[in-house]
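**Q** Contents of entry_18.pdb (PDB, C-alpha atoms, pLDDT in the B column) are given next:
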ATOM      1  CA  MET A1407     -16.801  36.279 -17.853  1.00 53.00           C
ATOM      2  CA  LYS A1408     -15.559  38.593 -20.575  1.00 55.00           C
ATOM      3  CA  PRO A1409     -13.556  41.556 -19.142  1.00 55.00           C
ATOM      4  CA  LEU A1410     -13.463  44.549 -21.407  1.00 56.00           C
ATOM      5  CA  PHE A1411     -10.478  46.235 -21.787  1.00 43.00           C
ATOM      6  CA  LEU A1412     -16.328  67.699 -26.047  1.00 33.00           C
ATOM      7  CA  THR A1413     -15.447  87.393 -25.677  1.00 33.00           C
ATOM      8  CA  ALA A1414     -16.663  88.425 -22.590  1.00 33.00           C
ATOM      9  CA  THR A1415     -15.833  91.907 -21.295  1.00 30.00           C
ATOM     10  CA  LEU A1416     -15.494  92.605 -17.610  1.00 26.00           C
ATOM     11  CA  ALA A1417     -17.571  95.691 -16.751  1.00 32.00           C
ATOM     12  CA  LEU A1418     -15.884  97.335 -13.794  1.00 27.00           C
ATOM     13  CA  ALA A1419     -18.187  99.709 -11.905  1.00 33.00           C
ATOM     14  CA  LEU A1420     -16.350 102.943 -11.074  1.00 28.00           C
ATOM     15  CA  PRO A1421     -16.954 104.748  -7.797  1.00 36.00           C
ATOM     16  CA  ALA A1422     -19.336 107.699  -8.081  1.00 39.00           C
ATOM     17  CA  VAL A1423     -16.540 110.139  -7.195  1.00 34.00           C
ATOM     18  CA  ALA A1424     -14.190 108.912  -9.882  1.00 39.00           C
ATOM     19  CA  THR A1425     -13.254 111.335 -12.658  1.00 40.00           C
ATOM     20  CA  ALA A1426     -12.653 110.560 -16.318  1.00 41.00           C
ATOM     21  CA  GLN A1427      -8.930 110.992 -15.709  1.00 45.00           C
ATOM     22  CA  ASP A1428      -9.056 108.314 -12.994  1.00 50.00           C
ATOM     23  CA  ALA A1429     -10.687 105.742 -15.254  1.00 49.00           C
ATOM     24  CA  LYS A1430      -8.437 102.886 -16.318  1.00 51.00           C
ATOM     25  CA  PRO A1431      -8.696 100.737 -19.461  1.00 54.00           C
ATOM     26  CA  VAL A1432     -11.260  97.973 -19.055  1.00 49.00           C
ATOM     27  CA  PRO A1433      -9.513  94.605 -19.194  1.00 49.00           C
ATOM     28  CA  THR A1434     -10.808  92.041 -21.678  1.00 47.00           C
ATOM     29  CA  VAL A1435     -11.088  88.368 -20.836  1.00 45.00           C
ATOM     30  CA  LYS A1436     -10.809  86.075 -23.820  1.00 52.00           C
ATOM     31  CA  GLN A1437     -12.912  82.942 -23.735  1.00 48.00           C
ATOM     32  CA  ALA A1438     -11.652  79.685 -25.098  1.00 46.00           C
ATOM     33  CA  PRO A1439     -13.103  78.598 -28.454  1.00 53.00           C
ATOM     34  CA  ALA A1440     -16.460  76.826 -28.224  1.00 46.00           C
ATOM     35  CA  ASP A1441     -14.966  73.419 -29.023  1.00 47.00           C
ATOM     36  CA  ALA A1442     -12.360  73.828 -26.273  1.00 45.00           C
ATOM     37  CA  GLN A1443     -15.083  74.800 -23.788  1.00 42.00           C
ATOM     38  CA  GLU A1444     -17.049  71.694 -24.759  1.00 49.00           C
ATOM     39  CA  LYS A1445     -13.954  69.551 -24.281  1.00 53.00           C
ATOM     40  CA  ASP A1446     -13.445  70.963 -20.796  1.00 48.00           C
ATOM     41  CA  LYS A1447     -16.999  69.989 -19.899  1.00 73.00           C
ATOM     42  CA  GLU A1448     -16.706  66.445 -21.235  1.00 82.00           C
ATOM     43  CA  PRO A1449     -16.809  63.855 -18.448  1.00 90.00           C
ATOM     44  CA  LYS A1450     -13.833  61.546 -18.152  1.00 93.00           C
ATOM     45  CA  VAL A1451     -16.153  58.563 -17.887  1.00 96.00           C
ATOM     46  CA  TYR A1452     -19.818  58.215 -18.660  1.00 98.00           C
ATOM     47  CA  GLU A1453     -21.132  57.163 -15.274  1.00 97.00           C
ATOM     48  CA  VAL A1454     -24.645  57.461 -13.884  1.00 98.00           C
ATOM     49  CA  GLY A1455     -25.715  61.107 -13.825  1.00 98.00           C
ATOM     50  CA  THR A1456     -23.363  62.301 -16.569  1.00 97.00           C
ATOM     51  CA  LYS A1457     -24.376  63.394 -20.064  1.00 98.00           C
ATOM     52  CA  VAL A1458     -22.899  61.468 -22.955  1.00 98.00           C
ATOM     53  CA  PRO A1459     -21.496  64.015 -25.450  1.00 97.00           C
ATOM     54  CA  GLU A1460     -23.381  64.370 -28.730  1.00 97.00           C
ATOM     55  CA  LYS A1461     -20.244  63.545 -30.711  1.00 97.00           C
ATOM     56  CA  VAL A1462     -19.970  60.021 -29.272  1.00 98.00           C
ATOM     57  CA  THR A1463     -20.418  57.677 -32.223  1.00 98.00           C
ATOM     58  CA  LEU A1464     -21.638  54.110 -32.604  1.00 98.00           C
ATOM     59  CA  ILE A1465     -20.391  52.247 -35.698  1.00 98.00           C
ATOM     60  CA  ASP A1466     -22.130  49.123 -36.981  1.00 97.00           C
ATOM     61  CA  MET A1467     -20.537  46.219 -38.841  1.00 97.00           C
ATOM     62  CA  ASP A1468     -21.146  47.907 -42.209  1.00 96.00           C
ATOM     63  CA  GLY A1469     -19.402  51.081 -41.080  1.00 96.00           C
ATOM     64  CA  LYS A1470     -22.595  53.097 -40.658  1.00 97.00           C
ATOM     65  CA  LYS A1471     -22.163  55.767 -37.998  1.00 98.00           C
ATOM     66  CA  THR A1472     -24.799  56.952 -35.539  1.00 98.00           C
ATOM     67  CA  THR A1473     -24.006  59.765 -33.135  1.00 98.00           C
ATOM     68  CA  MET A1474     -25.553  60.377 -29.766  1.00 98.00           C
ATOM     69  CA  LYS A1475     -26.784  63.675 -31.222  1.00 98.00           C
ATOM     70  CA  GLN A1476     -28.868  61.690 -33.691  1.00 98.00           C
ATOM     71  CA  LEU A1477     -30.237  59.614 -30.823  1.00 98.00           C
ATOM     72  CA  ARG A1478     -31.285  62.574 -28.675  1.00 98.00           C
ATOM     73  CA  GLY A1479     -35.002  62.341 -27.949  1.00 98.00           C
ATOM     74  CA  LYS A1480     -34.792  58.554 -27.623  1.00 98.00           C
ATOM     75  CA  HIS A1481     -34.088  56.377 -24.625  1.00 98.00           C
ATOM     76  CA  VAL A1482     -30.962  54.403 -25.539  1.00 98.00           C
ATOM     77  CA  VAL A1483     -30.099  51.030 -24.037  1.00 98.00           C
ATOM     78  CA  LEU A1484     -26.522  49.881 -24.637  1.00 98.00           C
ATOM     79  CA  VAL A1485     -25.600  46.278 -23.879  1.00 98.00           C
ATOM     80  CA  TRP A1486     -21.962  45.180 -23.954  1.00 98.00           C
ATOM     81  CA  TYR A1487     -21.836  41.882 -25.816  1.00 98.00           C
ATOM     82  CA  SER A1488     -19.459  39.027 -26.592  1.00 98.00           C
ATOM     83  CA  LYS A1489     -20.704  36.055 -28.602  1.00 96.00           C
ATOM     84  CA  ASP A1490     -18.766  33.406 -26.668  1.00 96.00           C
ATOM     85  CA  CYS A1491     -19.424  34.729 -23.164  1.00 97.00           C
ATOM     86  CA  PRO A1492     -21.271  32.161 -20.997  1.00 96.00           C
ATOM     87  CA  ALA A1493     -23.318  34.928 -19.364  1.00 97.00           C
ATOM     88  CA  ILE A1494     -24.405  36.173 -22.796  1.00 97.00           C
ATOM     89  CA  LYS A1495     -25.411  32.661 -23.756  1.00 95.00           C
ATOM     90  CA  SER A1496     -27.433  32.150 -20.575  1.00 95.00           C
ATOM     91  CA  SER A1497     -29.157  35.529 -20.829  1.00 96.00           C
ATOM     92  CA  GLY A1498     -29.695  35.444 -24.593  1.00 95.00           C
ATOM     93  CA  GLU A1499     -33.418  34.725 -24.468  1.00 95.00           C
ATOM     94  CA  ARG A1500     -33.974  37.443 -21.884  1.00 97.00           C
ATOM     95  CA  LEU A1501     -31.974  39.942 -23.949  1.00 97.00           C
ATOM     96  CA  ALA A1502     -34.110  39.093 -26.977  1.00 97.00           C
ATOM     97  CA  ALA A1503     -37.325  39.428 -24.962  1.00 97.00           C
ATOM     98  CA  THR A1504     -36.182  42.789 -23.622  1.00 98.00           C
ATOM     99  CA  ALA A1505     -35.344  44.029 -27.126  1.00 98.00           C
ATOM    100  CA  LYS A1506     -38.737  42.830 -28.364  1.00 97.00           C
ATOM    101  CA  GLU A1507     -40.457  44.835 -25.624  1.00 98.00           C
ATOM    102  CA  PHE A1508     -38.419  47.953 -26.428  1.00 98.00           C
ATOM    103  CA  ALA A1509     -39.230  47.588 -30.126  1.00 97.00           C
ATOM    104  CA  LYS A1510     -42.860  48.412 -29.324  1.00 97.00           C
ATOM    105  CA  HIS A1511     -41.799  51.990 -28.572  1.00 97.00           C
ATOM    106  CA  LYS A1512     -40.514  54.404 -31.236  1.00 97.00           C
ATOM    107  CA  ASP A1513     -38.608  56.402 -28.628  1.00 98.00           C
ATOM    108  CA  VAL A1514     -36.552  53.458 -27.337  1.00 98.00           C
ATOM    109  CA  VAL A1515     -33.574  51.847 -29.065  1.00 98.00           C
ATOM    110  CA  MET A1516     -31.456  48.931 -27.857  1.00 98.00           C
ATOM    111  CA  ILE A1517     -27.975  48.428 -29.288  1.00 98.00           C
ATOM    112  CA  ALA A1518     -25.353  45.838 -28.441  1.00 98.00           C
ATOM    113  CA  VAL A1519     -21.741  47.027 -28.288  1.00 98.00           C
ATOM    114  CA  ASN A1520     -18.979  44.523 -28.975  1.00 98.00           C
ATOM    115  CA  SER A1521     -15.497  45.375 -27.707  1.00 98.00           C
ATOM    116  CA  ASP A1522     -14.192  41.781 -27.691  1.00 97.00           C
ATOM    117  CA  LYS A1523     -10.976  41.664 -29.718  1.00 96.00           C
ATOM    118  CA  ASN A1524     -11.568  38.007 -30.560  1.00 96.00           C
ATOM    119  CA  ASP A1525     -15.005  38.773 -32.000  1.00 97.00           C
ATOM    120  CA  LEU A1526     -13.577  41.662 -34.011  1.00 97.00           C
ATOM    121  CA  LYS A1527     -10.502  39.986 -35.494  1.00 94.00           C
ATOM    122  CA  ASP A1528     -11.938  39.734 -39.009  1.00 93.00           C
ATOM    123  CA  ALA A1529     -12.516  43.468 -39.388  1.00 92.00           C
ATOM    124  CA  GLN A1530     -11.454  43.524 -43.054  1.00 90.00           C
ATOM    125  CA  ALA A1531     -13.483  42.323 -46.027  1.00 90.00           C
ATOM    126  CA  THR A1532     -12.010  39.286 -47.783  1.00 90.00           C
ATOM    127  CA  LYS A1533     -12.800  37.117 -50.806  1.00 88.00           C
ATOM    128  CA  ASP A1534     -13.560  33.437 -51.025  1.00 85.00           C
ATOM    129  CA  ALA A1535     -12.001  30.993 -53.511  1.00 87.00           C
ATOM    130  CA  GLU A1536     -14.439  32.094 -56.206  1.00 88.00           C
ATOM    131  CA  GLY A1537     -13.716  35.783 -55.708  1.00 87.00           C
ATOM    132  CA  ASN A1538     -16.912  36.587 -53.864  1.00 88.00           C
ATOM    133  CA  VAL A1539     -16.610  39.327 -51.256  1.00 90.00           C
ATOM    134  CA  ILE A1540     -16.945  38.245 -47.648  1.00 92.00           C
ATOM    135  CA  LYS A1541     -18.085  41.148 -45.505  1.00 93.00           C
ATOM    136  CA  PRO A1542     -16.102  42.205 -42.406  1.00 94.00           C
ATOM    137  CA  PHE A1543     -16.939  40.535 -39.084  1.00 95.00           C
ATOM    138  CA  ALA A1544     -18.193  37.412 -40.852  1.00 95.00           C
ATOM    139  CA  LYS A1545     -18.214  35.269 -37.698  1.00 95.00           C
ATOM    140  CA  LEU A1546     -20.156  37.860 -35.706  1.00 97.00           C
ATOM    141  CA  ARG A1547     -22.646  38.244 -38.566  1.00 96.00           C
ATOM    142  CA  LYS A1548     -23.155  34.472 -38.655  1.00 96.00           C
ATOM    143  CA  HIS A1549     -23.613  34.410 -34.888  1.00 96.00           C
ATOM    144  CA  MET A1550     -26.288  37.114 -35.066  1.00 96.00           C
ATOM    145  CA  LYS A1551     -28.098  35.257 -37.840  1.00 96.00           C
ATOM    146  CA  ASP A1552     -27.904  31.890 -36.091  1.00 96.00           C
ATOM    147  CA  LYS A1553     -29.067  33.319 -32.757  1.00 95.00           C
ATOM    148  CA  LYS A1554     -31.745  35.458 -34.441  1.00 95.00           C
ATOM    149  CA  ILE A1555     -30.508  38.536 -32.612  1.00 95.00           C
ATOM    150  CA  ASN A1556     -33.229  41.155 -32.832  1.00 95.00           C
ATOM    151  CA  PHE A1557     -31.235  44.295 -31.976  1.00 96.00           C
ATOM    152  CA  GLY A1558     -28.418  46.255 -33.584  1.00 96.00           C
ATOM    153  CA  MET A1559     -24.717  45.590 -33.072  1.00 97.00           C
ATOM    154  CA  ALA A1560     -22.030  48.270 -32.829  1.00 98.00           C
ATOM    155  CA  VAL A1561     -18.343  47.396 -32.979  1.00 98.00           C
ATOM    156  CA  ASP A1562     -15.875  49.037 -30.606  1.00 98.00           C
ATOM    157  CA  LYS A1563     -12.413  48.179 -31.912  1.00 95.00           C
ATOM    158  CA  GLY A1564      -9.784  49.003 -29.317  1.00 95.00           C
ATOM    159  CA  GLY A1565     -12.381  49.278 -26.550  1.00 97.00           C
ATOM    160  CA  VAL A1566     -12.656  53.081 -26.704  1.00 97.00           C
ATOM    161  CA  LEU A1567     -16.340  53.125 -25.741  1.00 98.00           C
ATOM    162  CA  ALA A1568     -15.843  50.382 -23.172  1.00 98.00           C
ATOM    163  CA  ARG A1569     -13.276  52.491 -21.340  1.00 97.00           C
ATOM    164  CA  LYS A1570     -15.429  55.632 -21.429  1.00 98.00           C
ATOM    165  CA  PHE A1571     -18.483  53.805 -20.121  1.00 98.00           C
ATOM    166  CA  GLN A1572     -16.343  51.637 -17.816  1.00 97.00           C
ATOM    167  CA  ALA A1573     -18.025  48.527 -19.191  1.00 97.00           C
ATOM    168  CA  LYS A1574     -16.495  45.690 -17.218  1.00 88.00           C
ATOM    169  CA  THR A1575     -18.308  42.534 -18.309  1.00 96.00           C
ATOM    170  CA  THR A1576     -20.694  41.115 -20.876  1.00 97.00           C
ATOM    171  CA  PRO A1577     -23.492  41.817 -20.569  1.00 97.00           C
ATOM    172  CA  HIS A1578     -23.104  45.248 -18.934  1.00 98.00           C
ATOM    173  CA  VAL A1579     -26.168  47.416 -19.536  1.00 98.00           C
ATOM    174  CA  PHE A1580     -26.471  51.211 -19.684  1.00 98.00           C
ATOM    175  CA  VAL A1581     -29.734  53.155 -19.965  1.00 98.00           C
ATOM    176  CA  ILE A1582     -29.387  56.679 -21.376  1.00 98.00           C
ATOM    177  CA  ASP A1583     -32.377  59.027 -21.266  1.00 98.00           C
ATOM    178  CA  ALA A1584     -33.757  61.219 -24.066  1.00 98.00           C
ATOM    179  CA  LYS A1585     -31.478  64.093 -23.005  1.00 98.00           C
ATOM    180  CA  GLY A1586     -28.365  61.925 -23.167  1.00 98.00           C
ATOM    181  CA  VAL A1587     -27.890  61.394 -19.430  1.00 98.00           C
ATOM    182  CA  VAL A1588     -26.855  57.967 -18.139  1.00 98.00           C
ATOM    183  CA  GLN A1589     -29.631  56.861 -15.787  1.00 98.00           C
ATOM    184  CA  TYR A1590     -28.706  53.231 -15.144  1.00 98.00           C
ATOM    185  CA  SER A1591     -25.598  51.063 -15.199  1.00 98.00           C
ATOM    186  CA  GLY A1592     -25.357  47.402 -14.297  1.00 98.00           C
ATOM    187  CA  ALA A1593     -26.878  43.990 -14.905  1.00 98.00           C
ATOM    188  CA  LEU A1594     -29.736  43.311 -17.287  1.00 98.00           C
ATOM    189  CA  ASP A1595     -31.735  41.808 -14.453  1.00 98.00           C
ATOM    190  CA  ASN A1596     -31.515  40.127 -11.061  1.00 97.00           C
ATOM    191  CA  ASP A1597     -31.337  36.637 -12.535  1.00 96.00           C
ATOM    192  CA  PRO A1598     -27.838  35.777 -13.823  1.00 94.00           C
ATOM    193  CA  ARG A1599     -28.614  32.051 -13.900  1.00 91.00           C
ATOM    194  CA  GLY A1600     -32.132  32.341 -15.271  1.00 93.00           C
ATOM    195  CA  ARG A1601     -33.712  30.498 -12.375  1.00 94.00           C
ATOM    196  CA  LYS A1602     -35.963  33.052 -10.677  1.00 95.00           C
ATOM    197  CA  SER A1603     -39.734  32.810 -10.700  1.00 96.00           C
ATOM    198  CA  LYS A1604     -41.874  35.489 -12.330  1.00 94.00           C
ATOM    199  CA  GLU A1605     -42.648  36.903  -8.891  1.00 96.00           C
ATOM    200  CA  GLU A1606     -38.968  37.161  -7.959  1.00 97.00           C
ATOM    201  CA  TYR A1607     -37.752  38.454 -11.308  1.00 97.00           C
ATOM    202  CA  THR A1608     -36.806  42.091 -11.990  1.00 98.00           C
ATOM    203  CA  ASN A1609     -35.546  43.379 -15.330  1.00 98.00           C
ATOM    204  CA  TYR A1610     -33.537  46.465 -14.338  1.00 98.00           C
ATOM    205  CA  ALA A1611     -33.169  47.812 -17.885  1.00 98.00           C
ATOM    206  CA  LEU A1612     -36.876  47.484 -18.630  1.00 98.00           C
ATOM    207  CA  ALA A1613     -37.831  49.002 -15.276  1.00 98.00           C
ATOM    208  CA  ALA A1614     -35.519  51.995 -15.831  1.00 98.00           C
ATOM    209  CA  VAL A1615     -36.928  52.739 -19.283  1.00 98.00           C
ATOM    210  CA  THR A1616     -40.513  52.304 -18.077  1.00 98.00           C
ATOM    211  CA  GLU A1617     -39.928  54.811 -15.275  1.00 98.00           C
ATOM    212  CA  LEU A1618     -38.253  57.304 -17.595  1.00 98.00           C
ATOM    213  CA  LYS A1619     -41.098  57.101 -20.093  1.00 97.00           C
ATOM    214  CA  SER A1620     -43.535  57.741 -17.253  1.00 97.00           C
ATOM    215  CA  GLY A1621     -41.613  60.833 -16.164  1.00 97.00           C
ATOM    216  CA  LYS A1622     -40.476  59.188 -12.957  1.00 97.00           C
ATOM    217  CA  PRO A1623     -36.938  59.018 -11.558  1.00 97.00           C
ATOM    218  CA  VAL A1624     -35.177  55.694 -11.962  1.00 98.00           C
ATOM    219  CA  THR A1625     -35.485  53.700  -8.744  1.00 98.00           C
ATOM    220  CA  VAL A1626     -32.534  51.352  -9.232  1.00 98.00           C
ATOM    221  CA  LYS A1627     -29.739  53.398 -10.786  1.00 98.00           C
ATOM    222  CA  SER A1628     -26.993  50.811 -10.541  1.00 98.00           C
ATOM    223  CA  SER A1629     -26.374  47.170  -9.856  1.00 98.00           C
ATOM    224  CA  ARG A1630     -23.444  44.814 -10.120  1.00 96.00           C
ATOM    225  CA  PRO A1631     -23.165  43.521 -13.701  1.00 96.00           C
ATOM    226  CA  TYR A1632     -22.765  39.798 -13.947  1.00 95.00           C
ATOM    227  CA  GLY A1633     -20.717  38.017 -16.584  1.00 89.00           C
TER     228      GLY A1633
END
Could the structure of this file be written out as structure tokens, please?

**A**
Amino acid sequence: MKPLFLTATLALALPAVATAQDAKPVPTVKQAPADAQEKDKEPKVYEVGTKVPEKVTLIDMDGKKTTMKQLRGKHVVLVWYSKDCPAIKSSGERLAATAKEFAKHKDVVMIAVNSDKNDLKDAQATKDAEGNVIKPFAKLRKHMKDKKINFGMAVDKGGVLARKFQAKTTPHVFVIDAKGVVQYSGALDNDPRGRKSKEEYTNYALAAVTELKSGKPVTVKSSRPYG
């Protein structure tokens, strides 16, 4: 188990019998700036049913930034990930199969999010004995290459995203619809040990995306994440 530590004017109607002398100055109510209004509307946590603000940003290992605004119109599947987590190791093949299925659809994107401080220790580029540059997150890059990980990886130094999404374990999966609303939170599937038969097996993330793409409400909106 790997715990993871955003000028309106009030029009006062005067009585029909009122005279011009009786009229009083119309008070003006000042609205807060647009950015302040947006901040007031921002949810404290991104739980099921809430909209993830457009400014929320995912940063990959090369420093490339992708905002939720850029991902609007796509169904986004976020999977909290830690390379040494036993539950990640046991579900690795199923994660890869799920990503492969999502890759068939242009309007679906699956991204792993790594908030594990041990995985993110080597966040600075270094040089080897011959002066060659070693990119940041070298161990995580090697892990992805060795495991043939077929989906993107975002780094969450300090666990900022983990706290906002309340990601508790790895893997913890979130499905966000094309409008930016969290529609599912929980386990990847109902098979933490990888022992269920095809008839017993349910992939919650895949089911949620399939329902959303069909215009149907998500049946299972939450489950207990294992890990």

**Q** To verify the selection step, state as a JSON list (two decimals) with C-alpha atoms, in the coordinates of the input which residues the PyMOL selection byres ((chain A and resi 1582) around 9) yields on this input.

**A**
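And here is the file that came out, selection18.json:
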[["chain", "number", "residue", "atom", "x", "y", "z"],
["A", 1454, "VAL", "CA", -24.64, 57.46, -13.88],
["A", 1457, "LYS", "CA", -24.38, 63.39, -20.06],
["A", 1458, "VAL", "CA", -22.90, 61.47, -22.96],
["A", 1480, "LYS", "CA", -34.79, 58.55, -27.62],
["A", 1481, "HIS", "CA", -34.09, 56.38, -24.62],
["A", 1482, "VAL", "CA", -30.96, 54.40, -25.54],
["A", 1483, "VAL", "CA", -30.10, 51.03, -24.04],
["A", 1484, "LEU", "CA", -26.52, 49.88, -24.64],
["A", 1580, "PHE", "CA", -26.47, 51.21, -19.68],
["A", 1581, "VAL", "CA", -29.73, 53.16, -19.96],
["A", 1583, "ASP", "CA", -32.38, 59.03, -21.27],
["A", 1584, "ALA", "CA", -33.76, 61.22, -24.07],
["A", 1585, "LYS", "CA", -31.48, 64.09, -23.00],
["A", 1586, "GLY", "CA", -28.36, 61.92, -23.17],
["A", 1587, "VAL", "CA", -27.89, 61.39, -19.43],
["A", 1588, "VAL", "CA", -26.86, 57.97, -18.14],
["A", 1589, "GLN", "CA", -29.63, 56.86, -15.79],
["A", 1590, "TYR", "CA", -28.71, 53.23, -15.14],
["A", 1615, "VAL", "CA", -36.93, 52.74, -19.28]]

**Q** Once the PyMOL selection byres ((chain A and resi 1558-1571) around 9) is applied to the coordinates I shared, what remains selected? I want it as an NGL selection string.

**A** :A and (1410-1411 or 1449-1453 or 1462-1467 or 1469 or 1486-1487 or 1515-1523 or 1526 or 1529 or 1550 or 1555-1557 or 1572-1574 or 1580)

**Q** So how far away is atom CA of A:Leu1612 from atom CA of A:Pro1492, in Å?

**A**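 Result for atom CA of A:Pro1492 versus atom CA of A:Leu1612: 22.0 Å, one decimal.
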
**Q** Please determine an axis-aligned box that encloses all atoms of stretch 1500-1511 of chain A listed in the file, with 8 Å added on each side, and express its centre and edge lengths in Å to one decimal as lines of an AutoDock Vina configuration file.

**A**
center_x = -37.4
center_y = 44.7
center_z = -26.0
size_x = 26.9
size_y = 30.5
size_z = 24.2

**Q** Starting from the PyMOL selection byres ((chain A and resi 1502) around 12), expand the selection into actual residues of this file and give them as a list of chain:residue names.

**A** A:Val1485, A:Ile1494, A:Lys1495, A:Ser1496, A:Ser1497, A:Gly1498, A:Glu1499, A:Arg1500, A:Leu1501, A:Ala1503, A:Thr1504, A:Ala1505, A:Lys1506, A:Glu1507, A:Phe1508, A:Ala1509, A:Met1516, A:Ile1517, A:Ala1518, A:Met1550, A:Lys1553, A:Lys1554, A:Ile1555, A:Asn1556, A:Phe1557, A:Gly1558, A:Leu1594

**Q** State, in Å with one decimal place, the distance from atom CA of A:Thr1473 to atom CA of A:Glu1460.

**A**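 Separation between atom CA of A:Thr1473 and atom CA of A:Glu1460: 6.4 Å.
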
**Q** Figure out the distance between atom CA of A:Asp1597 and atom CA of A:Thr1575, please, to one decimal in Å.

**A**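 Spanning atom CA of A:Thr1575 to atom CA of A:Asp1597 is a straight-line distance of 15.4 Å.
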
**Q** Need the neighbours of (-34.5, 50.3, -9.5): which residues are at most 9 Å away, counting all atoms listed in the file, as a list in words?

**A**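 Final list of nearby residues, as requested, is Tyr1590, Thr1608, Tyr1610, Ala1611, Ala1613, Ala1614, Val1624, Thr1625, Val1626, Lys1627, Ser1628 and Ser1629 of chain A.
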
**Q** Go through A:Thr1616, A:Pro1623, A:Pro1577, A:Asp1528 one by one, measure the shortest atom-to-atom distance of each to A:Gly1455 using only C-alpha atoms, and give the residue with the smallest value.

**A** A:Pro1623
